[in-house]
$ cat structure-v7.tsv   # TSV, C-alpha atoms
chain	number	residue	atom	x	y	z
A	1	MET	CA	0.00	0.00	0.00
A	2	THR	CA	1.21	3.53	-0.83
A	3	ILE	CA	0.09	6.72	0.89
A	4	GLY	CA	0.51	9.48	-1.66
A	5	GLY	CA	-0.03	13.21	-1.82
A	6	LYS	CA	1.23	15.66	0.78
A	7	VAL	CA	-0.03	13.85	3.87
A	8	ALA	CA	1.42	15.43	7.03
A	9	TYR	CA	0.06	13.02	9.62
A	10	ILE	CA	-1.60	9.63	10.03
A	11	GLY	CA	-4.44	9.78	12.55
A	12	VAL	CA	-5.16	7.79	15.70
A	13	GLY	CA	-5.97	4.16	14.87
A	14	ALA	CA	-6.02	4.88	11.14
A	15	PHE	CA	-5.11	1.30	10.16
A	16	GLN	CA	-5.52	-0.39	13.52
A	17	GLY	CA	-6.59	-4.02	13.19
A	18	CYS	CA	-6.03	-4.20	9.41
A	19	THR	CA	-4.43	-7.64	9.50
A	20	ALA	CA	-4.19	-7.79	5.70
A	21	LEU	CA	-1.76	-4.87	5.71
A	22	THR	CA	1.74	-6.34	5.25
A	23	SER	CA	3.64	-3.41	3.70
A	24	ILE	CA	3.26	0.34	3.33
A	25	LYS	CA	5.09	3.20	1.63
A	26	LEU	CA	4.93	6.45	3.58
A	27	PRO	CA	5.13	9.90	1.93
A	28	ASP	CA	8.17	12.17	2.34
A	29	SER	CA	5.83	14.89	3.65
A	30	LEU	CA	4.84	12.87	6.74
A	31	LYS	CA	5.54	14.63	10.06
A	32	ARG	CA	3.51	12.71	12.66
A	33	ILE	CA	2.23	9.18	13.21
A	34	TRP	CA	-0.45	9.23	15.89
A	35	GLY	CA	-1.28	6.59	18.47
A	36	SER	CA	-2.13	3.03	17.42
A	37	ALA	CA	-2.03	4.09	13.75
A	38	PHE	CA	-0.72	0.67	12.64
A	39	GLU	CA	-1.34	-1.36	15.79
A	40	ASN	CA	-2.36	-5.00	15.26
A	41	THR	CA	-1.48	-5.04	11.55
A	42	SER	CA	0.77	-7.52	9.74
A	43	LEU	CA	3.47	-5.02	8.75
A	44	LYS	CA	6.83	-6.75	8.38
A	45	SER	CA	8.94	-3.65	7.79
A	46	VAL	CA	8.61	0.11	7.44
A	47	LYS	CA	10.83	2.87	6.05
A	48	LEU	CA	10.23	6.06	7.95
A	49	PRO	CA	10.53	9.37	6.00
A	50	LYS	CA	13.44	11.72	6.74
A	51	ARG	CA	11.22	14.61	7.94
A	52	LEU	CA	9.24	12.60	10.46
A	53	GLN	CA	9.05	14.30	13.88
A	54	THR	CA	6.79	12.26	16.15
A	55	ILE	CA	5.71	8.64	16.62
A	56	ARG	CA	3.02	8.34	19.26
A	57	ASP	CA	2.04	5.57	21.72
A	58	TYR	CA	1.46	2.07	20.31
A	59	ALA	CA	1.84	3.32	16.71
A	60	PHE	CA	3.32	0.01	15.49
A	61	LYS	CA	2.47	-2.23	18.46
A	62	ASN	CA	1.79	-5.90	17.72
A	63	THR	CA	3.24	-5.80	14.20
A	64	LYS	CA	5.88	-8.07	12.71
A	65	ILE	CA	8.55	-5.38	12.32
A	66	LYS	CA	11.94	-6.75	13.41
A	67	LYS	CA	14.10	-3.67	12.91
A	68	VAL	CA	13.66	-0.03	11.93
A	69	THR	CA	15.85	3.03	11.43
A	70	ILE	CA	14.56	6.12	13.22
A	71	PRO	CA	15.22	9.34	11.23
A	72	LYS	CA	17.41	11.92	12.96
A	73	SER	CA	14.55	14.42	12.70
A	74	VAL	CA	12.42	12.49	15.23
A	75	ASP	CA	12.27	14.08	18.70
A	76	TYR	CA	9.70	11.82	20.36
A	77	ILE	CA	8.68	8.15	20.28
A	78	GLY	CA	5.72	7.28	22.46
A	79	ARG	CA	5.46	4.37	24.89
A	80	ASN	CA	5.53	0.89	23.36
A	81	ALA	CA	5.37	2.36	19.86
A	82	PHE	CA	7.04	-0.77	18.46
A	83	PRO	CA	7.03	-4.44	19.47
A	84	ARG	CA	9.36	-5.10	22.39
A	85	LYS	CA	11.77	-7.19	20.28
A	86	THR	CA	12.04	-4.66	17.44
A	87	LYS	CA	15.60	-3.36	17.06
A	88	LEU	CA	15.61	0.43	16.83
A	89	LYS	CA	18.52	2.22	15.20
A	90	MET	CA	18.47	5.81	16.38
A	91	ALA	CA	20.61	8.85	17.18
A	92	SER	CA	22.58	9.08	20.42
A	93	TYR	CA	20.51	12.04	21.64
A	94	MET	CA	17.38	9.87	21.85
A	95	LYS	CA	17.03	8.77	25.48
A	96	LYS	CA	14.69	6.20	27.01
A	97	VAL	CA	11.89	7.62	29.16
A	98	TYR	CA	9.53	5.59	31.34
A	99	ASN	CA	5.83	6.16	31.87
A	100	GLN	CA	5.41	7.04	35.57
A	101	GLY	CA	8.33	4.78	36.44
A	102	ILE	CA	6.75	1.66	34.93
A	103	ARG	CA	9.65	-0.28	33.39
A	104	SER	CA	7.48	-2.09	30.87
A	105	GLN	CA	6.07	1.16	29.44
A	106	TYR	CA	8.69	3.35	27.84
A	107	GLY	CA	9.42	5.54	24.86
A	108	TYR	CA	12.23	7.82	23.70
A	109	ARG	CA	12.76	11.56	23.68
A	110	ALA	CA	15.42	13.79	22.07
A	111	TYR	CA	17.61	15.79	24.46
A	112	VAL	CA	20.29	18.42	24.04
A	113	THR	CA	23.23	17.98	26.39
A	114	ALA	CA	24.98	21.14	27.61
A	115	LYS	CA	28.33	21.08	29.40
A	116	GLY	CA	29.32	24.10	31.47
A	117	LYS	CA	31.14	25.12	34.64
A	118	SER	CA	28.35	23.75	36.82
A	119	GLY	CA	28.43	20.35	35.12
A	120	THR	CA	26.47	18.58	32.41
A	121	LYS	CA	22.73	19.09	32.02
A	122	LYS	CA	20.10	17.72	29.64
A	123	TYR	CA	17.14	19.60	28.18
A	124	ARG	CA	14.28	18.44	26.01
A	125	ALA	CA	15.01	19.25	22.39
A	126	SER	CA	11.36	20.24	21.93
A	127	LYS	CA	11.82	23.02	24.52
A	128	VAL	CA	14.73	24.66	22.68
A	129	THR	CA	13.70	28.10	21.43
A	130	LYS	CA	17.02	29.31	20.01
A	131	ILE	CA	20.58	28.22	19.23
A	132	THR	CA	23.48	30.57	18.65
A	133	THR	CA	27.25	30.93	18.99
A	134	ASP	CA	29.71	33.47	20.41
A	135	ASN	CA	31.39	34.39	17.14
A	136	LYS	CA	29.42	34.64	13.89
A	137	ARG	CA	32.27	36.15	11.87
A	138	ILE	CA	35.36	33.99	11.67
A	139	LYS	CA	38.69	34.60	9.91
A	140	LEU	CA	40.99	31.66	9.20
A	141	LYS	CA	44.28	31.26	7.42
A	142	LYS	CA	44.48	28.52	4.81
A	143	GLY	CA	45.06	25.15	6.46
A	144	ARG	CA	43.81	26.24	9.89
A	145	THR	CA	40.86	24.71	11.73
A	146	TYR	CA	38.16	25.96	14.08
A	147	VAL	CA	35.52	24.12	16.09
A	148	LEU	CA	32.07	25.73	16.29
A	149	LYS	CA	30.57	25.84	19.79
A	150	THR	CA	26.82	26.25	20.18
A	151	LYS	CA	24.84	27.85	23.00
A	152	VAL	CA	21.19	27.04	23.65
A	153	PHE	CA	18.08	28.85	24.88
A	154	VAL	CA	15.42	26.68	26.54
A	155	SER	CA	11.95	28.20	26.93
A	156	LYS	CA	13.60	31.52	25.93
A	157	LYS	CA	16.16	31.31	28.75
A	158	LYS	CA	19.87	31.12	27.93
A	159	LYS	CA	21.60	28.10	29.44
A	160	SER	CA	25.24	27.93	30.48
A	161	GLY	CA	27.85	25.98	28.59
A	162	TYR	CA	27.86	24.56	25.08
A	163	ILE	CA	25.75	21.73	23.71
A	164	LYS	CA	27.00	18.48	22.19
A	165	ASN	CA	27.16	18.57	18.41
A	166	ASP	CA	25.43	15.21	17.91
A	167	ILE	CA	22.02	16.88	17.56
A	168	LEU	CA	23.33	19.50	15.12
A	169	GLU	CA	23.78	19.48	11.36
A	170	PHE	CA	26.54	21.57	9.74
A	171	VAL	CA	26.49	22.70	6.09
A	172	SER	CA	29.08	24.81	4.26
A	173	SER	CA	27.90	26.89	1.30
A	174	ASN	CA	31.15	25.99	-0.48
A	175	GLY	CA	32.99	22.85	0.60
A	176	LYS	CA	35.95	23.72	-1.64
A	177	VAL	CA	36.67	26.83	0.44
A	178	VAL	CA	35.72	25.62	3.93
A	179	LYS	CA	35.07	22.01	4.79
A	180	VAL	CA	32.94	21.23	7.85
A	181	THR	CA	32.71	17.86	9.60
A	182	LYS	CA	29.72	16.28	11.35
A	183	GLY	CA	31.24	17.42	14.63
A	184	GLY	CA	31.35	21.08	13.60
A	185	LYS	CA	35.07	21.31	12.85
A	186	LEU	CA	35.90	23.84	10.12
A	187	LYS	CA	38.95	23.53	7.91
A	188	ALA	CA	40.06	26.39	5.65
A	189	LEU	CA	41.04	25.02	2.23
A	190	LYS	CA	41.49	28.11	0.03
A	191	LYS	CA	40.83	31.86	-0.05
A	192	GLY	CA	37.22	32.95	-0.11
A	193	THR	CA	34.15	33.59	2.00
A	194	VAL	CA	31.46	31.05	2.85
A	195	THR	CA	28.39	30.72	5.04
A	196	VAL	CA	28.17	27.79	7.41
A	197	THR	CA	24.65	26.94	8.55
A	198	VAL	CA	24.16	25.15	11.86
A	199	LYS	CA	20.74	23.53	12.32
A	200	MET	CA	19.11	21.30	14.89
A	201	ARG	CA	18.23	17.94	13.40
A	202	THR	CA	14.93	17.80	15.29
A	203	SER	CA	13.57	21.28	14.48
A	204	THR	CA	14.00	24.37	12.31
A	205	LYS	CA	16.19	26.18	14.88
A	206	ARG	CA	19.41	27.39	13.22
A	207	TYR	CA	22.08	30.07	12.98
A	208	ARG	CA	24.62	31.09	10.34
A	209	VAL	CA	28.31	31.90	10.53
A	210	LYS	CA	30.37	33.82	7.98
A	211	VAL	CA	33.83	32.32	7.48
A	212	ARG	CA	36.54	34.18	5.58
A	213	VAL	CA	39.70	32.37	4.51
A	214	LEU	CA	42.70	34.66	4.21

$ encode --input "structure-v7.tsv" --output "structure tokens"
Amino acid sequence: MTIGGKVAYIGVGAFQGCTALTSIKLPDSLKRIWGSAFENTSLKSVKLPKRLQTIRDYAFKNTKIKKVTIPKSVDYIGRNAFPRKTKLKMASYMKKVYNQGIRSQYGYRAYVTAKGKSGTKKYRASKVTKITTDNKRIKLKKGRTYVLKTKVFVSKKKKSGYIKNDILEFVSSNGKVVKVTKGGKLKALKKGTVTVTVKMRTSTKRYRVKVRVL
């Protein structure tokens, strides 16, 4: 079965109990899969779209899915969303959370981890209202490197320290002038000026840095 068009979400219990459903192709536009959407179906596998943000409680419970890759854009997976034996491949910033301390009922939530003078603290990625950095205009000589450090605002309040780069995506406007790694390390390759965009994988929060190579 193929879900076409520009579908943004699949509603609560949309296909629940459809035992004849063994496969499905989800649209790239999909953002949310609501509770029990595919519960008690015969799905054997599923490829989740890259822009998916949320998978709610019991979404794929009692299916035949053995393994699934969770897109890096997902910031929340509800309790028992998949069968207990399903192997989930997901980003390191997704942490297990229990429902009222009940060990058999758990899901996953994306967190940003900030390390400062007072220690390391975690904040829900969904509560982040802004990301920024200390220096948005950088000058580098050819061959030199620089590591971008990102500060975070949670519920509009600035938090101390810098966050781990695992939840961030880095893109250089010209990789032949400045190369940027997944960890936010810049390397000046030749003279020129580029823009490096830093974006949270789980939301649209971002900032830009101008880098000039001398």

$ closest_residue --input "structure-v7.tsv" --among "A:Ala59, A:Ile131, A:Ile33, A:Ile138" --to "Gly17 in chain A" --atoms "all atoms listed in the file"
A:Ala59

$ closest_residue --input "structure-v7.tsv" --among "A:Arg206, A:Lys182, A:Lys87, A:Lys191" --to "Val152 in chain A" --atoms "all atoms listed in the file"
A:Arg206

$ residues_around --input "structure-v7.tsv" --residues "Leu21 in chain A" --least-positions-apart "2" --cutoff "9 Å" --atoms "all atoms listed in the file" --output "PyMOL selection string"
chain A and resi 1+15+17-19+23-24+38+41-43

$ write_last_selection --input "structure-v7.tsv" --atoms "C-alpha atoms" --output "mmCIF file, in the coordinates of the input"
data_model
loop_
_atom_site.group_PDB
_atom_site.id
_atom_site.type_symbol
_atom_site.label_atom_id
_atom_site.label_comp_id
_atom_site.auth_asym_id
_atom_site.auth_seq_id
_atom_site.Cartn_x
_atom_site.Cartn_y
_atom_site.Cartn_z
ATOM 1 C CA MET A 1 0.000 0.000 0.000
ATOM 2 C CA PHE A 15 -5.110 1.300 10.160
ATOM 3 C CA GLY A 17 -6.590 -4.020 13.190
ATOM 4 C CA CYS A 18 -6.030 -4.200 9.410
ATOM 5 C CA THR A 19 -4.430 -7.640 9.500
ATOM 6 C CA SER A 23 3.640 -3.410 3.700
ATOM 7 C CA ILE A 24 3.260 0.340 3.330
ATOM 8 C CA PHE A 38 -0.720 0.670 12.640
ATOM 9 C CA THR A 41 -1.480 -5.040 11.550
ATOM 10 C CA SER A 42 0.770 -7.520 9.740
ATOM 11 C CA LEU A 43 3.470 -5.020 8.750
#

$ residues_around --input "structure-v7.tsv" --residues "Val147 in chain A" --least-positions-apart "4" --cutoff "7 Å" --atoms "all atoms listed in the file" --output "ChimeraX atom specification"
/A:184-186

$ closest_residue --input "structure-v7.tsv" --among "A:Gln100, A:Asp57, A:Ile3, A:Leu88" --to "Ser45 in chain A" --atoms "only C-alpha atoms"
A:Leu88

$ atom_distance --input "structure-v7.tsv" --atom1 "CA of Tyr146 in chain A" --atom2 "CA of Val112 in chain A"
21.8 Å

$ atom_distance --input "structure-v7.tsv" --atom1 "CA of Arg103 in chain A" --atom2 "CA of Gly35 in chain A"
19.7 Å

$ residues_around --input "structure-v7.tsv" --residues "Lys190 in chain A" --least-positions-apart "6" --cutoff "12 Å" --atoms "only C-alpha atoms" --output "PDB file with C-alpha atoms, in the frame of the given file"
ATOM      1  CA  LEU A 140      40.990  31.660   9.200  1.00  0.00           C
ATOM      2  CA  LYS A 141      44.280  31.260   7.420  1.00  0.00           C
ATOM      3  CA  LYS A 142      44.480  28.520   4.810  1.00  0.00           C
ATOM      4  CA  GLY A 143      45.060  25.150   6.460  1.00  0.00           C
ATOM      5  CA  ARG A 144      43.810  26.240   9.890  1.00  0.00           C
ATOM      6  CA  ASN A 174      31.150  25.990  -0.480  1.00  0.00           C
ATOM      7  CA  GLY A 175      32.990  22.850   0.600  1.00  0.00           C
ATOM      8  CA  LYS A 176      35.950  23.720  -1.640  1.00  0.00           C
ATOM      9  CA  VAL A 177      36.670  26.830   0.440  1.00  0.00           C
ATOM     10  CA  VAL A 178      35.720  25.620   3.930  1.00  0.00           C
ATOM     11  CA  LYS A 179      35.070  22.010   4.790  1.00  0.00           C
ATOM     12  CA  VAL A 211      33.830  32.320   7.480  1.00  0.00           C
ATOM     13  CA  ARG A 212      36.540  34.180   5.580  1.00  0.00           C
ATOM     14  CA  VAL A 213      39.700  32.370   4.510  1.00  0.00           C
ATOM     15  CA  LEU A 214      42.700  34.660   4.210  1.00  0.00           C
TER      16      LEU A 214
END

$ residues_near_point --input "structure-v7.tsv" --point "(11.4, 20.2, 10.3)" --cutoff "9 Å" --atoms "all atoms listed in the file" --output "NGL selection string"
:A and (31 or 51-53 or 73 or 201-205)

$ closest_residue --input "structure-v7.tsv" --among "A:Met94, A:Leu48, A:Val194, A:Met200" --to "Thr129 in chain A" --atoms "all atoms listed in the file"
A:Met200

$ residues_around --input "structure-v7.tsv" --residues "Ser155 in chain A" --least-positions-apart "5" --cutoff "9 Å" --atoms "all atoms listed in the file" --output "short mmCIF file (atom, residue, chain, number, x, y, z; two decimals) with C-alpha atoms, in the frame of the given file"
data_model
loop_
_atom_site.label_atom_id
_atom_site.label_comp_id
_atom_site.auth_asym_id
_atom_site.auth_seq_id
_atom_site.Cartn_x
_atom_site.Cartn_y
_atom_site.Cartn_z
CA LYS A 127 11.82 23.02 24.52
CA VAL A 128 14.73 24.66 22.68
CA THR A 129 13.70 28.10 21.43
CA LYS A 130 17.02 29.31 20.01
#

$ closest_residue --input "structure-v7.tsv" --among "A:Val154, A:Ala125, A:Leu148, A:Ala14" --to "Lys187 in chain A" --atoms "all atoms listed in the file"
A:Leu148

$ atom_distance --input "structure-v7.tsv" --atom1 "CA of Thr54 in chain A" --atom2 "CA of Thr197 in chain A"
24.3 Å
